[in-house]
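**Student:** Take a look at my_file_10.txt, compact mmCIF, C-alpha atoms and all ligand atoms:
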# COMPACT_ATOMS: atom_id res chain seq x y z
CA MET X 1 -11.70 0.95 21.09
CA ASN X 2 -10.07 0.31 17.72
CA GLU X 3 -8.58 -2.99 18.99
CA PHE X 4 -12.04 -4.27 19.86
CA PHE X 5 -13.38 -3.07 16.50
CA ARG X 6 -10.57 -4.80 14.62
CA PHE X 7 -10.93 -8.01 16.59
CA LYS X 8 -14.68 -8.16 15.89
CA TYR X 9 -14.14 -7.68 12.17
CA PHE X 10 -11.20 -10.07 12.14
CA LEU X 11 -13.49 -12.83 13.43
CA LYS X 12 -16.01 -11.92 10.73
CA TYR X 13 -13.24 -12.01 8.12
CA GLN X 14 -12.10 -15.44 9.30
CA TRP X 15 -15.65 -16.65 8.97
CA GLN X 16 -16.22 -15.22 5.48
CA ALA X 17 -12.80 -15.59 3.84
CA LYS X 18 -12.73 -17.99 0.91
CA THR X 19 -9.93 -20.20 -0.29
CA LYS X 20 -9.26 -20.95 -3.97
CA TYR X 21 -11.58 -23.97 -3.88
CA TYR X 22 -14.65 -21.73 -3.64
CA LEU X 23 -13.84 -19.18 -6.34
CA HIS X 24 -16.05 -19.13 -9.41
CA SER X 25 -14.23 -16.25 -11.09
CA PRO X 26 -11.27 -17.36 -13.27
CA PHE X 27 -9.60 -13.96 -12.79
CA VAL X 28 -9.81 -14.18 -9.01
CA TYR X 29 -8.74 -17.83 -9.04
CA GLN X 30 -5.60 -16.91 -11.00
CA PHE X 31 -5.01 -14.01 -8.62
CA TYR X 32 -5.23 -16.45 -5.72
CA LEU X 33 -2.76 -18.90 -7.28
CA ASN X 34 -0.24 -16.35 -8.54
CA VAL X 35 -0.39 -13.54 -6.03
CA LEU X 36 -1.68 -14.93 -2.73
CA GLU X 37 -0.07 -18.33 -3.13
CA GLY X 38 2.77 -17.27 -5.44
CA LYS X 39 6.32 -18.34 -4.67
CA ASP X 40 8.77 -15.97 -3.03
CA ASP X 41 12.01 -15.44 -4.88
CA GLN X 42 15.58 -14.52 -3.96
CA GLN X 43 15.01 -10.77 -4.21
CA LEU X 44 12.70 -10.89 -1.22
CA LYS X 45 15.58 -12.31 0.79
CA GLN X 46 17.51 -9.06 0.23
CA ILE X 47 14.69 -7.05 1.81
CA ARG X 48 14.40 -9.58 4.65
CA ASN X 49 18.11 -9.17 5.40
CA LEU X 50 17.88 -5.38 5.38
CA ARG X 51 14.87 -5.53 7.70
CA LYS X 52 16.86 -7.66 10.14
CA VAL X 53 19.54 -4.96 10.27
CA LEU X 54 16.94 -2.19 10.74
CA ALA X 55 15.20 -4.18 13.48
CA LYS X 56 18.41 -3.99 15.53
CA ASP X 57 19.03 -0.28 14.92
CA HIS X 58 17.85 1.79 17.87
CA THR X 59 18.92 5.16 16.44
CA THR X 60 16.22 7.77 17.01
CA ILE X 61 14.71 9.62 14.06
CA GLU X 62 13.00 12.99 14.47
CA ILE X 63 9.69 13.20 12.65
CA LYS X 64 8.06 16.59 12.12
CA GLU X 65 4.32 16.09 12.00
CA LEU X 66 2.58 17.88 9.18
CA GLY X 67 -0.20 20.15 10.21
CA THR X 68 0.69 20.57 13.90
CA GLY X 69 4.38 21.22 13.20
CA LYS X 70 5.19 19.16 16.34
CA THR X 71 8.21 16.91 16.34
CA SER X 72 8.04 13.34 17.57
CA SER X 73 10.77 10.76 17.62
CA LYS X 74 10.90 7.04 16.94
CA GLN X 75 13.61 4.44 16.84
CA ILE X 76 14.45 2.93 13.46
CA SER X 77 13.72 -0.52 14.94
CA LYS X 78 10.18 0.62 15.78
CA LEU X 79 9.66 2.17 12.34
CA GLU X 80 10.59 -1.22 10.87
CA SER X 81 8.38 -3.26 13.17
CA GLU X 82 5.40 -0.96 13.72
CA VAL X 83 5.13 1.33 10.70
CA ALA X 84 6.52 -0.51 7.68
CA VAL X 85 4.35 -3.03 5.86
CA ARG X 86 4.66 -6.50 7.40
CA GLU X 87 6.79 -8.95 5.47
CA LYS X 88 3.85 -11.13 4.44
CA TYR X 89 2.04 -8.15 2.87
CA GLY X 90 5.21 -6.68 1.40
CA ALA X 91 5.73 -10.00 -0.40
CA LEU X 92 2.16 -9.75 -1.65
CA LEU X 93 2.81 -6.26 -3.06
CA TYR X 94 5.90 -7.66 -4.75
CA ARG X 95 4.07 -10.60 -6.36
CA LEU X 96 1.13 -8.44 -7.34
CA ALA X 97 3.32 -5.87 -9.11
CA GLN X 98 5.13 -8.73 -10.85
CA TYR X 99 2.02 -10.69 -11.84
CA PHE X 100 0.25 -7.69 -13.37
CA LYS X 101 3.52 -6.40 -14.92
CA VAL X 102 2.78 -2.97 -13.52
CA SER X 103 4.96 -0.30 -15.11
CA SER X 104 3.92 2.70 -13.06
CA ILE X 105 3.44 2.73 -9.30
CA LEU X 106 2.35 5.52 -7.01
CA GLU X 107 2.69 5.08 -3.27
CA ILE X 108 1.12 7.52 -0.82
CA GLY X 109 3.26 7.23 2.34
CA THR X 110 6.96 6.23 2.11
CA SER X 111 8.16 6.20 5.74
CA ILE X 112 11.54 4.40 5.69
CA GLY X 113 10.99 3.02 2.19
CA ILE X 114 10.11 -0.61 2.88
CA SER X 115 6.86 -1.06 0.95
CA SER X 116 8.26 0.94 -1.99
CA ALA X 117 11.26 -1.41 -2.02
CA TYR X 118 9.00 -4.46 -2.46
CA GLN X 119 7.16 -2.80 -5.32
CA ALA X 120 10.27 -1.48 -7.05
CA LEU X 121 12.18 -4.76 -6.83
CA ALA X 122 9.26 -6.59 -8.44
CA ASN X 123 10.12 -4.94 -11.75
CA ASN X 124 13.17 -2.76 -12.09
CA LEU X 125 11.70 -1.21 -15.25
CA ALA X 126 8.66 0.06 -13.36
CA LYS X 127 8.70 3.71 -12.40
CA VAL X 128 7.85 4.03 -8.71
CA THR X 129 6.93 7.38 -7.16
CA SER X 130 6.44 7.54 -3.41
CA LEU X 131 5.14 10.56 -1.48
CA GLU X 132 6.32 11.53 2.01
CA GLY X 133 6.25 14.61 4.19
CA ALA X 134 8.98 13.91 6.76
CA PRO X 135 12.51 14.79 5.49
CA ASP X 136 14.37 12.54 7.96
CA LEU X 137 12.29 9.54 6.92
CA ILE X 138 13.02 10.33 3.27
CA MET X 139 16.75 10.35 4.00
CA LEU X 140 16.51 6.94 5.61
CA ALA X 141 14.27 5.58 2.84
CA LYS X 142 16.83 6.66 0.23
CA LYS X 143 19.61 4.99 2.24
CA ASN X 144 17.57 1.78 2.37
CA HIS X 145 16.87 1.89 -1.36
CA SER X 146 20.59 2.36 -2.09
CA ALA X 147 21.46 -0.56 0.18
CA LEU X 148 19.15 -2.68 -1.98
CA ASN X 149 20.58 -1.23 -5.23
CA ILE X 150 17.16 0.08 -6.19
CA ASN X 151 17.24 2.88 -8.75
CA ASN X 152 13.64 3.09 -9.91
CA ILE X 153 12.05 4.98 -6.98
CA THR X 154 11.57 8.73 -6.85
CA ILE X 155 10.44 10.17 -3.53
CA ASN X 156 8.45 13.40 -3.73
CA GLU X 157 8.67 15.44 -0.52
CA GLY X 158 5.86 17.51 0.95
CA ASN X 159 2.34 17.42 2.29
CA PHE X 160 0.10 15.02 0.33
CA ASP X 161 -2.43 17.84 0.04
CA LEU X 162 0.04 19.65 -2.22
CA ILE X 163 2.22 16.98 -3.77
CA LEU X 164 -0.49 14.49 -4.73
CA PRO X 165 -2.35 16.93 -7.03
CA GLU X 166 1.01 18.11 -8.39
CA TYR X 167 2.03 14.54 -9.20
CA LEU X 168 -1.36 13.70 -10.73
CA LYS X 169 -1.10 16.70 -13.05
CA THR X 170 1.98 15.08 -14.61
CA GLN X 171 0.26 11.71 -15.25
CA ASN X 172 -2.25 10.76 -17.95
CA THR X 173 -3.18 7.58 -16.17
CA LEU X 174 -2.26 5.51 -13.10
CA GLY X 175 -1.06 1.90 -12.79
CA LEU X 176 -0.79 0.56 -9.26
CA VAL X 177 -1.57 2.95 -6.41
CA PHE X 178 -0.78 1.97 -2.81
CA PHE X 179 -2.64 4.16 -0.32
CA ASP X 180 -0.70 3.99 2.95
CA GLY X 181 -0.47 7.55 4.19
CA ASN X 182 -3.02 9.23 6.35
CA HIS X 183 -5.42 6.60 7.76
CA ARG X 184 -8.33 8.98 8.25
CA LYS X 185 -11.61 8.59 6.41
CA GLU X 186 -11.77 12.08 4.94
CA ALA X 187 -8.13 12.03 3.79
CA THR X 188 -8.41 8.50 2.33
CA LEU X 189 -11.53 9.40 0.36
CA ASN X 190 -9.95 12.63 -0.78
CA TYR X 191 -6.84 10.83 -2.16
CA PHE X 192 -9.06 8.13 -3.67
CA ASN X 193 -11.25 10.68 -5.47
CA GLN X 194 -8.22 12.51 -6.84
CA CYS X 195 -6.63 9.28 -8.12
CA LEU X 196 -9.91 8.03 -9.54
CA LYS X 197 -9.80 10.72 -12.22
CA LYS X 198 -6.65 9.08 -13.62
CA ALA X 199 -7.76 5.44 -13.31
CA ASN X 200 -8.06 3.23 -16.39
CA ASP X 201 -9.21 -0.36 -17.00
CA ASP X 202 -5.88 -1.76 -15.81
CA SER X 203 -5.41 0.41 -12.74
CA ILE X 204 -5.18 -1.30 -9.36
CA PHE X 205 -5.75 0.60 -6.13
CA ILE X 206 -4.63 -0.98 -2.85
CA PHE X 207 -5.75 0.45 0.49
CA ASP X 208 -3.85 -0.46 3.63
CA ASP X 209 -5.54 -0.98 7.01
CA ILE X 210 -9.14 -1.05 5.83
CA TYR X 211 -10.23 -2.32 9.28
CA TRP X 212 -7.93 -0.02 11.23
CA SER X 213 -10.83 1.97 12.69
CA PRO X 214 -14.56 2.49 12.14
CA GLU X 215 -13.57 5.53 10.02
CA MET X 216 -11.33 3.49 7.73
CA PHE X 217 -13.98 0.81 7.49
CA ASP X 218 -16.52 3.47 6.37
CA ALA X 219 -14.05 4.78 3.81
CA TRP X 220 -13.59 1.23 2.47
CA GLN X 221 -17.39 0.76 2.19
CA GLN X 222 -17.66 3.95 0.13
CA ILE X 223 -14.70 3.03 -2.06
CA LYS X 224 -16.10 -0.47 -2.72
CA ALA X 225 -19.46 1.00 -3.72
CA HIS X 226 -18.01 3.40 -6.27
CA PRO X 227 -19.46 2.62 -9.74
CA GLN X 228 -16.06 2.86 -11.49
CA ILE X 229 -14.78 -0.08 -9.43
CA THR X 230 -15.84 -3.43 -10.82
CA LEU X 231 -14.10 -5.92 -8.52
CA THR X 232 -12.83 -5.72 -4.94
CA LEU X 233 -10.75 -8.18 -2.96
CA ASP X 234 -10.67 -7.97 0.82
CA ILE X 235 -7.76 -9.73 2.50
CA PHE X 236 -8.35 -7.92 5.82
CA GLN X 237 -5.05 -5.98 5.88
CA PHE X 238 -5.57 -4.67 2.35
CA GLY X 239 -8.55 -3.80 0.21
CA ILE X 240 -7.70 -4.23 -3.48
CA CYS X 241 -9.75 -2.56 -6.24
CA PHE X 242 -9.90 -3.31 -9.97
CA PHE X 243 -11.52 -1.27 -12.73
CA ARG X 244 -11.70 -4.01 -15.37
CA LYS X 245 -14.59 -3.24 -17.73
CA GLU X 246 -15.17 -6.76 -19.08
CA LYS X 247 -17.01 -7.59 -15.87
CA LEU X 248 -20.75 -7.40 -16.30
CA ALA X 249 -21.68 -7.08 -12.65
CA LYS X 250 -19.74 -5.72 -9.71
CA GLU X 251 -18.13 -8.42 -7.60
CA GLU X 252 -16.68 -8.47 -4.10
CA PHE X 253 -14.56 -11.27 -2.67
CA VAL X 254 -13.19 -11.86 0.80
CA LEU X 255 -10.07 -13.98 0.36
CA ARG X 256 -8.08 -15.93 2.90
CA TYR X 257 -4.43 -14.88 3.02
C1 LIG Y 301 2.17 4.10 7.40
S1 LIG Y 301 3.47 5.12 6.95
C2 LIG Y 301 3.96 4.46 5.40
C3 LIG Y 301 4.60 3.11 5.53
C4 LIG Y 301 5.21 2.61 4.22
N1 LIG Y 301 4.23 2.58 3.15
C5 LIG Y 301 5.75 1.21 4.39
O1 LIG Y 301 4.93 0.27 4.53
O2 LIG Y 301 6.97 1.04 4.39
C6 LIG Y 301 2.67 6.60 6.47
C7 LIG Y 301 3.63 7.76 6.15
O3 LIG Y 301 2.85 8.82 5.62
C8 LIG Y 301 3.41 10.06 6.04
N2 LIG Y 301 2.31 11.05 6.04
C9 LIG Y 301 1.15 11.01 6.75
N3 LIG Y 301 0.37 12.06 6.45
C10 LIG Y 301 1.05 12.80 5.53
C11 LIG Y 301 0.75 13.98 4.80
N4 LIG Y 301 -0.42 14.61 4.95
N5 LIG Y 301 1.66 14.42 3.91
C12 LIG Y 301 2.85 13.78 3.74
N6 LIG Y 301 3.21 12.66 4.41
C13 LIG Y 301 2.31 12.17 5.29
C14 LIG Y 301 3.95 9.78 7.43
O4 LIG Y 301 5.04 10.65 7.71
C15 LIG Y 301 4.37 8.32 7.34
O5 LIG Y 301 5.75 8.20 7.13
For this file, produce the structure as structure tokens.

**Tutor:**
Amino acid sequence: MNEFFRFKYFLKYQWQAKTKYYLHSPFVYQFYLNVLEGKDDQQLKQIRNLRKVLAKDHTTIEIKELGTGKTSSKQISKLESEVAVREKYGALLYRLAQYFKVSSILEIGTSIGISSAYQALANNLAKVTSLEGAPDLIMLAKKNHSALNINNITINEGNFDLILPEYLKTQNTLGLVFFDGNHRKEATLNYFNQCLKKANDDSIFIFDDIYWSPEMFDAWQQIKAHPQITLTLDIFQFGICFFRKEKLAKEEFVLRY
């Protein structure tokens, strides 16, 4: 059912998506040039090489599901290919964090640490905090971060329901937030509403898999409509939200990537 839903909306996206030649907003035009079309640098090669190693590793990892307490297992190769952010979008996270010189990053959903690696390598002075509930995944994520010589990521362990409010209590404001944990409508809106309280003009919220299911699509519609958000960019895989106050009217763009 979700495949059909995604396919239908993917066709719609292909139809609507604009290239840089049709952008009237200078901010979005610069975003297109620097983030969507930005050049990849050598650091991304390091992650690519690590991913190649992980893709060949068929060791099984036990994952205790939160809530049900059930344990499932998955090979590292599958976690790399099916769960971690795809390379194209990881590179986008990297360029985005670099372009906006983000100094504080919160990620909801670490898994084996791939998307956090892209964001942390973008600026080694940025403080990255990633939240994850499965201890075995955290161990592997830490191993991956060490292999990349990354020292600016802290992984907080526990259920998002507990550790997200705890983390938010320690922050006055949020920089970049990457929502890639529980892809359910209620949970996504709940994390969004909690983070919203700490958003400022320069905050950037990125939601993964906005067309994953009708539920996620509904969540994205509600997020886009929120009055605090002044600009949204839809690149199909991600929905990106800005809070910049200088905008007079709310704007939404669907961008080809
Ligand atoms: C899609 S994966 C994250 C992928 C990662 N951002 C990447 O691209 O490399 C989502 C992760 O969120 C974790 N997760 C889901 N629901 C959770 C919850 N309620 N509390 C803590 N962790 C949770 C899962 O264990 C899983 O590892």

**Student:** Dump the neighbourhood of ligand LIG 301 (chain Y) as a CSV table (one decimal) with C-alpha atoms, in the coordinates of the input: all residues within 7 Å, distances computed on only C-alpha atoms and all ligand atoms.

**Tutor:**
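Result saved to part-v2.csv:
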chain,number,residue,atom,x,y,z
X,65,GLU,CA,4.3,16.1,12.0
X,66,LEU,CA,2.6,17.9,9.2
X,83,VAL,CA,5.1,1.3,10.7
X,84,ALA,CA,6.5,-0.5,7.7
X,85,VAL,CA,4.4,-3.0,5.9
X,108,ILE,CA,1.1,7.5,-0.8
X,109,GLY,CA,3.3,7.2,2.3
X,110,THR,CA,7.0,6.2,2.1
X,111,SER,CA,8.2,6.2,5.7
X,112,ILE,CA,11.5,4.4,5.7
X,113,GLY,CA,11.0,3.0,2.2
X,114,ILE,CA,10.1,-0.6,2.9
X,115,SER,CA,6.9,-1.1,1.0
X,116,SER,CA,8.3,0.9,-2.0
X,131,LEU,CA,5.1,10.6,-1.5
X,132,GLU,CA,6.3,11.5,2.0
X,133,GLY,CA,6.2,14.6,4.2
X,134,ALA,CA,9.0,13.9,6.8
X,137,LEU,CA,12.3,9.5,6.9
X,158,GLY,CA,5.9,17.5,1.0
X,159,ASN,CA,2.3,17.4,2.3
X,160,PHE,CA,0.1,15.0,0.3
X,161,ASP,CA,-2.4,17.8,0.0
X,180,ASP,CA,-0.7,4.0,3.0
X,181,GLY,CA,-0.5,7.6,4.2
X,182,ASN,CA,-3.0,9.2,6.4

**Student:** With distances taken over all atoms listed in the file, which of X:Asn151, X:Gln98, X:Asn2, X:Thr71 is nearest to Val35 (chain X)?

**Tutor:**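 Using all atoms listed in the file, the shortest distance to Val35 (chain X) belongs to X:Gln98.
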
**Student:** May I ask for the distance between CA of Glu37 (chain X) and CA of Ile235 (chain X), given in Å to one decimal place?

**Tutor:**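 One can read the CA of Glu37 (chain X) to CA of Ile235 (chain X) distance as 12.8 Å.
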
**Student:** Would you mind listing what lies within 8 Å of Phe178 (chain X) as a list in words, with only C-alpha atoms counted and same-chain residues fewer than 5 positions away left out?

**Tutor:**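 That gives Ile105, Leu106, Glu107, Ile108, Phe205, Ile206, Phe207 and Asp208 of chain X.
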
**Student:** Using all atoms listed in the file for the distances, tell me which of X:Asp209, X:Asp202, X:Asp40, X:Glu62 is nearest to Thr230 (chain X).

**Tutor:**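 Residue with the minimum atom-to-atom distance to Thr230 (chain X): X:Asp202.
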
**Student:** Could you jot down the CA of Phe27 (chain X) to CA of Trp212 (chain X) separation for me, Å, one decimal place?

**Tutor:**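 According to the coordinates, CA of Phe27 (chain X) and CA of Trp212 (chain X) are separated by 27.8 Å.
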
**Student:** Write out as a PyMOL selection string each polymer residue whose atoms come within 12 Å of Phe4 (chain X), counting all atoms listed in the file; drop sequence neighbours fewer than 4 positions from it.

**Tutor:** chain X and resi 8-11+211-214

**Student:** Counting only C-alpha atoms, I want the residues whose atoms come within 9 Å of (-14.1, 2.1, -0.8) in the file frame, returned as a ChimeraX atom specification.

**Tutor:** /X:189,192,207,210,217-226,229,232,239,241

**Student:** Please return the centre and edge lengths, in Å to one decimal, of a box with edges along x, y and z that contains all listed atoms of region 180-190 of chain X, widened by 4 Å on every side, as JSON.

**Tutor:**
{"center_x": -6.1, "center_y": 8.3, "center_z": 3.7, "size_x": 19.3, "size_y": 16.6, "size_z": 17.0}

**Student:** Just the number, please: distance in Å from CA of Thr129 (chain X) to CA of Leu44 (chain X), one decimal.

**Tutor:**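 Interatomic distance here is 20.1 Å.
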
**Student:** I'd like the contact shell of Leu23 (chain X) - 12 Å cut-off, all atoms listed in the file, skipping same-chain residues fewer than 6 positions apart - returned as a PyMOL selection string.

**Tutor:** chain X and resi 17+29-33+233+251-256

**Student:** Pick out the closest residue to Leu168 (chain X) from this set: X:Cys195, X:Leu54, X:Ala249, X:Ile150. Count only C-alpha atoms.

**Tutor:**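 Checking each candidate against Leu168 (chain X), we get X:Cys195 as the closest.
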
**Student:** Might you pull out every residue within 10 Å of Tyr99 (chain X), with only C-alpha atoms counted and same-chain residues fewer than 4 positions away left off, and present them as a list in words?

**Tutor:**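 What passes the distance filter is Gln30, Phe31, Asn34, Val35, Gly38, Leu93, Tyr94, Arg95, Ala122 and Asn123 of chain X.
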
**Student:** Find the residues around Leu196 (chain X) up to 9 Å (all atoms listed in the file counted), leave out those fewer than 4 positions away in its own chain, and share them as number ranges by chain.

**Tutor:** X: 174, 191-192, 200, 228
